[in-house]
Number of protein chains: 2
Amino acid sequence: MTCDACLGRWPDPGDRIADLGATVAYLHVDQFFPGWTVLVLQHHATELFQLSREARSALIEELSRAAAALHAAFEPIKVNYACLGNVLPHLHWHLIPRLEGDPAPREAVWAVPHAAVRLDGPARAERIARIRGHLSG
Amino acid sequence: MTCDACLGRWPDPGDRIADLGATVAYLHVDQFFPGWTVLVLQHHATELFQLSREARSALIEELSRAAAALHAAFEPIKVNYACLGNVLPHLHWHLIPRLEGDPAPREAVWAVPHAAVRLDGPARAERIARIRGHLSG
């Protein structure tokens with residue numbers, strides 16, 4: 001087993017927001033785009049078509065639920081949804097609320113060079129709690 | 001009505017691959033990454049959480065079916081799935097097979113500066129037919 005997601009090496013357990021069922025939500029380590037969240041599938045798969053229809057349906061329900069929570073928490077203009085897996089193929093989804101005042105509102109986040117923003121402990125805990133609150137609401 | 005997808009102005013009807021039910025698949029205008037396909041929702045919505053559970057389930061089935069077709073057609077290392085909507089918020093999904101020999105295999109396509117590759121008519125028709133063939137298989 002060489003998958004960092006399966007081994008629990010990624011994401012950092014300290015960044016965990018909530019267990020959603022098929023996936024676990026984590027605050028992304030870089031908060032340059034505030035609220036950037038990652039949903040990681042609980043079991044190992046690398047493509048949508050490897051899942052059962054039921055597993056796909058559960059997955060998109062959790063993506064939708066998490067996006068709704070981010071929308072309520074951050075009031076973005078748009079949520080971005082992306083499953084890339086070029087570095088870590090284990091299925092995981094980036095959910096990125098794109099806020100008013102975004103430095104490059106028409107660009108994908110990956111096209112925006114920036115220094116990573118790593119929140120200190122209290123700010124990180126506050127942001128996790130804020131998203132968690134909207135997930136349970 | 002000011003949505004270019006709803007008005008039929010985007011994507012180009014000539015790039016249409018197939019009607020999948022909830023979405024229509026088009027060959028992306030830029031084929032620098034060969035096989036890049038876009039699935040456009042048939043009705044107007046901008047976020048997953050605006051859809052019914054049934055509509056979301058249909059959507060992810062079509063994403064999965066199209067990804068499987070691209071996988072069969074291009075044998076990629078990984079398929080990328082992304083719904084951004086920063087420029088055109090009408091729900092649409094980029095499906096990008098990342099092939100052996102990719103110029104930046106660990107990067108999101110949006111982080112890879114490149115000149116757009118616009119296929120000429122016959123090459124374009126061939127690529128559309130190739131994906132269509134795998135969709136119907």
# chains A, B, ... in the order shown; residues from 1 in each chain; ligands from 1
call {"tool": "interface_residues", "arguments": {"of": "chain A", "to": "chain B", "cutoff": "7 Å", "atoms": "only C-alpha atoms", "output": "PDB file with N, CA and C atoms, in the first residue's frame"}}
result
ATOM      1  N   LEU A  48     -13.998   7.823 -11.498  1.00  0.00           N
ATOM      2  CA  LEU A  48     -15.433   7.709 -11.200  1.00  0.00           C
ATOM      3  C   LEU A  48     -16.008   6.383 -11.679  1.00  0.00           C
ATOM      4  N   PHE A  49     -15.524   5.928 -12.851  1.00  0.00           N
ATOM      5  CA  PHE A  49     -16.141   4.735 -13.448  1.00  0.00           C
ATOM      6  C   PHE A  49     -15.702   3.442 -12.760  1.00  0.00           C
ATOM      7  N   ARG A  56     -21.304   6.509  -6.571  1.00  0.00           N
ATOM      8  CA  ARG A  56     -21.230   7.791  -7.288  1.00  0.00           C
ATOM      9  C   ARG A  56     -22.315   8.738  -6.802  1.00  0.00           C
ATOM     10  N   SER A  57     -23.511   8.199  -6.595  1.00  0.00           N
ATOM     11  CA  SER A  57     -24.609   9.036  -6.142  1.00  0.00           C
ATOM     12  C   SER A  57     -24.310   9.601  -4.745  1.00  0.00           C
ATOM     13  N   ILE A  60     -21.689  12.458  -5.112  1.00  0.00           N
ATOM     14  CA  ILE A  60     -22.146  13.766  -5.594  1.00  0.00           C
ATOM     15  C   ILE A  60     -23.080  14.425  -4.579  1.00  0.00           C
ATOM     16  N   SER A  64     -22.294  18.102  -3.134  1.00  0.00           N
ATOM     17  CA  SER A  64     -23.332  19.120  -3.132  1.00  0.00           C
ATOM     18  C   SER A  64     -23.542  19.688  -1.727  1.00  0.00           C
ATOM     19  N   ARG A  65     -23.567  18.796  -0.747  1.00  0.00           N
ATOM     20  CA  ARG A  65     -23.767  19.228   0.645  1.00  0.00           C
ATOM     21  C   ARG A  65     -22.607  20.117   1.110  1.00  0.00           C
ATOM     22  N   ALA A  68     -22.787  23.501  -0.620  1.00  0.00           N
ATOM     23  CA  ALA A  68     -23.838  24.328  -0.013  1.00  0.00           C
ATOM     24  C   ALA A  68     -23.354  24.930   1.306  1.00  0.00           C
ATOM     25  N   LYS A  78     -19.024  31.985  -6.896  1.00  0.00           N
ATOM     26  CA  LYS A  78     -19.111  30.671  -7.557  1.00  0.00           C
ATOM     27  C   LYS A  78     -18.302  29.683  -6.742  1.00  0.00           C
ATOM     28  N   ASN A  80     -15.980  26.343  -7.186  1.00  0.00           N
ATOM     29  CA  ASN A  80     -15.258  25.495  -8.155  1.00  0.00           C
ATOM     30  C   ASN A  80     -15.186  24.084  -7.589  1.00  0.00           C
ATOM     31  N   TYR A  81     -15.402  23.108  -8.452  1.00  0.00           N
ATOM     32  CA  TYR A  81     -15.354  21.682  -8.082  1.00  0.00           C
ATOM     33  C   TYR A  81     -14.313  21.014  -8.986  1.00  0.00           C
ATOM     34  N   ALA A  82     -13.338  20.333  -8.407  1.00  0.00           N
ATOM     35  CA  ALA A  82     -12.345  19.699  -9.272  1.00  0.00           C
ATOM     36  C   ALA A  82     -11.748  18.456  -8.640  1.00  0.00           C
ATOM     37  N   CYS A  83     -11.663  17.418  -9.455  1.00  0.00           N
ATOM     38  CA  CYS A  83     -11.019  16.161  -9.090  1.00  0.00           C
ATOM     39  C   CYS A  83      -9.918  15.945 -10.122  1.00  0.00           C
ATOM     40  N   LEU A  84      -8.679  16.182  -9.729  1.00  0.00           N
ATOM     41  CA  LEU A  84      -7.574  16.099 -10.697  1.00  0.00           C
ATOM     42  C   LEU A  84      -6.803  14.801 -10.480  1.00  0.00           C
ATOM     43  N   GLY A  85      -6.048  14.709  -9.392  1.00  0.00           N
ATOM     44  CA  GLY A  85      -5.370  13.454  -9.088  1.00  0.00           C
ATOM     45  C   GLY A  85      -4.089  13.237  -9.858  1.00  0.00           C
ATOM     46  N   ASN A  86      -3.502  14.315 -10.359  1.00  0.00           N
ATOM     47  CA  ASN A  86      -2.257  14.162 -11.121  1.00  0.00           C
ATOM     48  C   ASN A  86      -1.093  13.769 -10.211  1.00  0.00           C
ATOM     49  N   VAL A  87      -1.128  14.230  -8.966  1.00  0.00           N
ATOM     50  CA  VAL A  87      -0.059  13.910  -8.019  1.00  0.00           C
ATOM     51  C   VAL A  87      -0.470  12.721  -7.151  1.00  0.00           C
ATOM     52  N   PRO A 105     -10.594  36.518 -10.578  1.00  0.00           N
ATOM     53  CA  PRO A 105     -11.910  35.869 -10.534  1.00  0.00           C
ATOM     54  C   PRO A 105     -12.251  35.022 -11.758  1.00  0.00           C
ATOM     55  N   ARG A 106     -11.603  35.268 -12.888  1.00  0.00           N
ATOM     56  CA  ARG A 106     -11.926  34.506 -14.095  1.00  0.00           C
ATOM     57  C   ARG A 106     -10.998  33.320 -14.310  1.00  0.00           C
ATOM     58  N   GLU A 107     -10.000  33.155 -13.436  1.00  0.00           N
ATOM     59  CA  GLU A 107      -9.000  32.112 -13.631  1.00  0.00           C
ATOM     60  C   GLU A 107      -9.231  30.921 -12.709  1.00  0.00           C
ATOM     61  N   ALA A 108      -8.795  29.740 -13.156  1.00  0.00           N
ATOM     62  CA  ALA A 108      -8.703  28.592 -12.263  1.00  0.00           C
ATOM     63  C   ALA A 108      -7.660  28.908 -11.189  1.00  0.00           C
ATOM     64  N   TRP A 110      -5.378  27.234 -10.057  1.00  0.00           N
ATOM     65  CA  TRP A 110      -4.055  26.708 -10.403  1.00  0.00           C
ATOM     66  C   TRP A 110      -3.300  27.624 -11.360  1.00  0.00           C
ATOM     67  N   ALA A 111      -4.001  28.593 -11.922  1.00  0.00           N
ATOM     68  CA  ALA A 111      -3.360  29.548 -12.826  1.00  0.00           C
ATOM     69  C   ALA A 111      -2.966  30.818 -12.079  1.00  0.00           C
TER      70      ALA A 111
END
call {"tool": "residues_around", "arguments": {"residues": "A:His92", "least_positions_apart": "3", "cutoff": "7 Å", "atoms": "only C-alpha atoms", "output": "MDAnalysis selection string"}}
result
chainID A and resid 38:41 83
call {"tool": "write_last_selection", "arguments": {"atoms": "C-alpha atoms", "output": "PDB file, in the first residue's frame"}}
result
ATOM      1  CA  VAL A  38     -10.912  18.873   0.039  1.00  0.00           C
ATOM      2  CA  LEU A  39     -13.236  15.840   0.100  1.00  0.00           C
ATOM      3  CA  VAL A  40     -11.348  12.543   0.152  1.00  0.00           C
ATOM      4  CA  LEU A  41     -13.044   9.247  -0.718  1.00  0.00           C
ATOM      5  CA  CYS A  83     -11.019  16.161  -9.090  1.00  0.00           C
TER       6      CYS A  83
END
call {"tool": "select_by_dssp", "arguments": {"residues": "stretch 7-89 of chain A", "states": "strand (DSSP E)", "output": "list in words"}}
result
Arg16, Ile17, Ala18, Asp19, Thr23, Val24, Ala25, Tyr26, Leu27, Thr37, Val38, Leu39, Val40, Leu41, Lys78, Val79, Asn80, Tyr81, Ala82 and Cys83 of chain A
call {"tool": "write_last_selection", "arguments": {"atoms": "N, CA and C atoms", "output": "short mmCIF file (atom, residue, chain, number, x, y, z; two decimals), in the first residue's frame"}}
result
data_model
loop_
_atom_site.label_atom_id
_atom_site.label_comp_id
_atom_site.auth_asym_id
_atom_site.auth_seq_id
_atom_site.Cartn_x
_atom_site.Cartn_y
_atom_site.Cartn_z
N ARG A 16 -9.04 17.96 9.56
CA ARG A 16 -10.31 17.30 9.32
C ARG A 16 -11.49 18.18 9.74
N ILE A 17 -12.45 18.30 8.85
CA ILE A 17 -13.67 19.07 9.15
C ILE A 17 -14.77 18.13 9.61
N ALA A 18 -15.05 17.11 8.81
CA ALA A 18 -16.17 16.21 9.14
C ALA A 18 -16.12 14.96 8.28
N ASP A 19 -16.65 13.88 8.83
CA ASP A 19 -16.89 12.64 8.09
C ASP A 19 -18.27 12.76 7.45
N THR A 23 -17.09 10.18 1.99
CA THR A 23 -15.87 11.01 1.96
C THR A 23 -15.63 11.64 3.33
N VAL A 24 -14.40 12.13 3.52
CA VAL A 24 -14.08 12.96 4.68
C VAL A 24 -13.66 14.33 4.15
N ALA A 25 -14.17 15.38 4.79
CA ALA A 25 -13.84 16.75 4.38
C ALA A 25 -12.70 17.28 5.24
N TYR A 26 -11.75 17.92 4.57
CA TYR A 26 -10.59 18.54 5.24
C TYR A 26 -10.45 19.98 4.75
N LEU A 27 -9.96 20.84 5.63
CA LEU A 27 -9.58 22.18 5.19
C LEU A 27 -8.28 22.05 4.40
N THR A 37 -11.61 23.61 0.46
CA THR A 37 -11.87 22.37 1.18
C THR A 37 -11.60 21.18 0.26
N VAL A 38 -11.19 20.07 0.83
CA VAL A 38 -10.91 18.87 0.04
C VAL A 38 -11.75 17.71 0.59
N LEU A 39 -12.48 17.04 -0.29
CA LEU A 39 -13.24 15.84 0.10
C LEU A 39 -12.49 14.61 -0.41
N VAL A 40 -12.15 13.71 0.50
CA VAL A 40 -11.35 12.54 0.15
C VAL A 40 -12.20 11.29 0.30
N LEU A 41 -12.27 10.50 -0.76
CA LEU A 41 -13.04 9.25 -0.72
C LEU A 41 -12.48 8.32 0.37
N LYS A 78 -19.02 31.98 -6.90
CA LYS A 78 -19.11 30.67 -7.56
C LYS A 78 -18.30 29.68 -6.74
N VAL A 79 -18.74 28.45 -6.72
CA VAL A 79 -17.93 27.37 -6.16
C VAL A 79 -17.25 26.64 -7.33
N ASN A 80 -15.98 26.34 -7.19
CA ASN A 80 -15.26 25.49 -8.15
C ASN A 80 -15.19 24.08 -7.59
N TYR A 81 -15.40 23.11 -8.45
CA TYR A 81 -15.35 21.68 -8.08
C TYR A 81 -14.31 21.01 -8.99
N ALA A 82 -13.34 20.33 -8.41
CA ALA A 82 -12.35 19.70 -9.27
C ALA A 82 -11.75 18.46 -8.64
N CYS A 83 -11.66 17.42 -9.45
CA CYS A 83 -11.02 16.16 -9.09
C CYS A 83 -9.92 15.94 -10.12
#
call {"tool": "closest_residue", "arguments": {"among": "A:Ala125, A:Leu20, A:Leu119, A:Pro76", "to": "A:Leu99", "atoms": "only C-alpha atoms"}}
result
A:Pro76
call {"tool": "select_by_dssp", "arguments": {"residues": "stretch 16-133 of chain B", "states": "helix (DSSP H, G or I)", "output": "JSON, numbers by chain"}}
result
{"B": [48, 49, 50, 53, 54, 55, 56, 57, 58, 59, 60, 61, 62, 63, 64, 65, 66, 67, 68, 69, 70, 71, 72, 73, 74, 109, 110, 111, 121, 122, 123, 124, 125, 126, 127, 128, 129, 130, 131, 132, 133]}
call {"tool": "write_last_selection", "arguments": {"atoms": "N, CA and C atoms", "output": "short mmCIF file (atom, residue, chain, number, x, y, z; two decimals), in the first residue's frame"}}
result
data_model
loop_
_atom_site.label_atom_id
_atom_site.label_comp_id
_atom_site.auth_asym_id
_atom_site.auth_seq_id
_atom_site.Cartn_x
_atom_site.Cartn_y
_atom_site.Cartn_z
N LEU B 48 -24.17 22.71 -7.93
CA LEU B 48 -24.71 21.35 -7.73
C LEU B 48 -25.92 21.36 -6.81
N PHE B 49 -25.87 22.21 -5.77
CA PHE B 49 -26.94 22.17 -4.77
C PHE B 49 -28.23 22.82 -5.25
N GLN B 50 -28.25 23.32 -6.47
CA GLN B 50 -29.50 23.81 -7.06
C GLN B 50 -30.26 22.69 -7.78
N ARG B 53 -31.77 15.69 -6.32
CA ARG B 53 -30.94 14.51 -6.11
C ARG B 53 -30.90 13.66 -7.38
N GLU B 54 -32.03 13.52 -8.04
CA GLU B 54 -32.11 12.71 -9.27
C GLU B 54 -31.25 13.34 -10.38
N ALA B 55 -31.30 14.66 -10.48
CA ALA B 55 -30.52 15.34 -11.52
C ALA B 55 -29.02 15.21 -11.23
N ARG B 56 -28.65 15.27 -9.95
CA ARG B 56 -27.22 15.10 -9.61
C ARG B 56 -26.76 13.69 -9.94
N SER B 57 -27.62 12.72 -9.63
CA SER B 57 -27.25 11.33 -9.91
C SER B 57 -27.08 11.11 -11.41
N ALA B 58 -28.00 11.66 -12.19
CA ALA B 58 -27.90 11.55 -13.66
C ALA B 58 -26.60 12.21 -14.14
N LEU B 59 -26.29 13.36 -13.56
CA LEU B 59 -25.10 14.10 -13.96
C LEU B 59 -23.84 13.28 -13.72
N ILE B 60 -23.70 12.71 -12.53
CA ILE B 60 -22.46 11.98 -12.24
C ILE B 60 -22.39 10.68 -13.04
N GLU B 61 -23.55 10.10 -13.39
CA GLU B 61 -23.53 8.93 -14.29
C GLU B 61 -22.98 9.31 -15.67
N GLU B 62 -23.36 10.48 -16.14
CA GLU B 62 -22.88 10.92 -17.46
C GLU B 62 -21.40 11.31 -17.41
N LEU B 63 -20.98 11.93 -16.30
CA LEU B 63 -19.55 12.22 -16.14
C LEU B 63 -18.74 10.92 -16.16
N SER B 64 -19.26 9.93 -15.47
CA SER B 64 -18.57 8.65 -15.38
C SER B 64 -18.53 7.95 -16.74
N ARG B 65 -19.66 7.99 -17.44
CA ARG B 65 -19.74 7.35 -18.76
C ARG B 65 -18.79 8.03 -19.74
N ALA B 66 -18.75 9.35 -19.72
CA ALA B 66 -17.87 10.08 -20.63
C ALA B 66 -16.41 9.84 -20.26
N ALA B 67 -16.11 9.81 -18.97
CA ALA B 67 -14.73 9.55 -18.54
C ALA B 67 -14.28 8.15 -18.97
N ALA B 68 -15.19 7.19 -18.86
CA ALA B 68 -14.86 5.82 -19.28
C ALA B 68 -14.60 5.78 -20.79
N ALA B 69 -15.38 6.53 -21.55
CA ALA B 69 -15.17 6.57 -23.00
C ALA B 69 -13.82 7.21 -23.34
N LEU B 70 -13.49 8.29 -22.64
CA LEU B 70 -12.19 8.94 -22.89
C LEU B 70 -11.05 8.02 -22.48
N HIS B 71 -11.27 7.26 -21.41
CA HIS B 71 -10.24 6.33 -20.94
C HIS B 71 -10.02 5.24 -21.99
N ALA B 72 -11.11 4.75 -22.56
CA ALA B 72 -10.99 3.71 -23.59
C ALA B 72 -10.37 4.27 -24.87
N ALA B 73 -10.70 5.51 -25.19
CA ALA B 73 -10.25 6.10 -26.45
C ALA B 73 -8.78 6.54 -26.41
N PHE B 74 -8.33 7.04 -25.25
CA PHE B 74 -7.00 7.68 -25.19
C PHE B 74 -6.04 7.00 -24.22
N VAL B 109 -4.22 21.52 -15.87
CA VAL B 109 -4.04 22.04 -17.24
C VAL B 109 -4.00 23.58 -17.26
N TRP B 110 -4.68 24.20 -16.30
CA TRP B 110 -4.74 25.66 -16.28
C TRP B 110 -3.42 26.29 -15.84
N ALA B 111 -2.52 25.46 -15.32
CA ALA B 111 -1.21 25.95 -14.91
C ALA B 111 -0.17 25.74 -16.00
N GLY B 121 -10.69 20.75 -39.83
CA GLY B 121 -11.96 20.04 -39.94
C GLY B 121 -11.86 18.52 -39.89
N PRO B 122 -11.06 17.91 -40.77
CA PRO B 122 -11.00 16.44 -40.78
C PRO B 122 -10.44 15.86 -39.48
N ALA B 123 -9.41 16.49 -38.92
CA ALA B 123 -8.81 15.98 -37.68
C ALA B 123 -9.81 16.10 -36.53
N ARG B 124 -10.55 17.20 -36.54
CA ARG B 124 -11.57 17.44 -35.53
C ARG B 124 -12.70 16.39 -35.65
N ALA B 125 -13.15 16.18 -36.86
CA ALA B 125 -14.23 15.21 -37.07
C ALA B 125 -13.76 13.81 -36.66
N GLU B 126 -12.51 13.51 -36.94
CA GLU B 126 -11.97 12.20 -36.57
C GLU B 126 -11.97 12.04 -35.06
N ARG B 127 -11.55 13.10 -34.36
CA ARG B 127 -11.47 13.00 -32.89
C ARG B 127 -12.87 12.89 -32.27
N ILE B 128 -13.80 13.64 -32.80
CA ILE B 128 -15.19 13.57 -32.32
C ILE B 128 -15.74 12.16 -32.55
N ALA B 129 -15.49 11.62 -33.73
CA ALA B 129 -16.00 10.28 -34.06
C ALA B 129 -15.38 9.22 -33.15
N ARG B 130 -14.12 9.40 -32.84
CA ARG B 130 -13.43 8.44 -31.97
C ARG B 130 -14.06 8.41 -30.57
N ILE B 131 -14.33 9.57 -30.01
CA ILE B 131 -14.96 9.61 -28.68
C ILE B 131 -16.39 9.09 -28.77
N ARG B 132 -17.10 9.52 -29.80
CA ARG B 132 -18.49 9.07 -29.98
C ARG B 132 -18.57 7.55 -30.06
N GLY B 133 -17.62 6.97 -30.77
CA GLY B 133 -17.60 5.52 -30.91
C GLY B 133 -17.48 4.82 -29.56
#
call {"tool": "residues_around", "arguments": {"residues": "stretch 5-8 of chain B", "least_positions_apart": "5", "cutoff": "8 Å", "atoms": "only C-alpha atoms", "output": "list in words"}}
result
Pro13, Val40, His43, His44 and His90 of chain B
call {"tool": "atom_distance", "arguments": {"atom1": "atom CA of A:Glu75", "atom2": "atom CA of A:Glu100"}}
result
8.5 Å
call {"tool": "closest_residue", "arguments": {"among": "B:Gln42, B:Ala116, B:Leu135, B:Gly35", "to": "B:Pro97", "atoms": "only C-alpha atoms"}}
result
B:Gly35
call {"tool": "closest_residue", "arguments": {"among": "B:Cys3, B:Gly101, B:Leu91, B:Arg9", "to": "B:Pro34", "atoms": "only C-alpha atoms"}}
result
B:Gly101
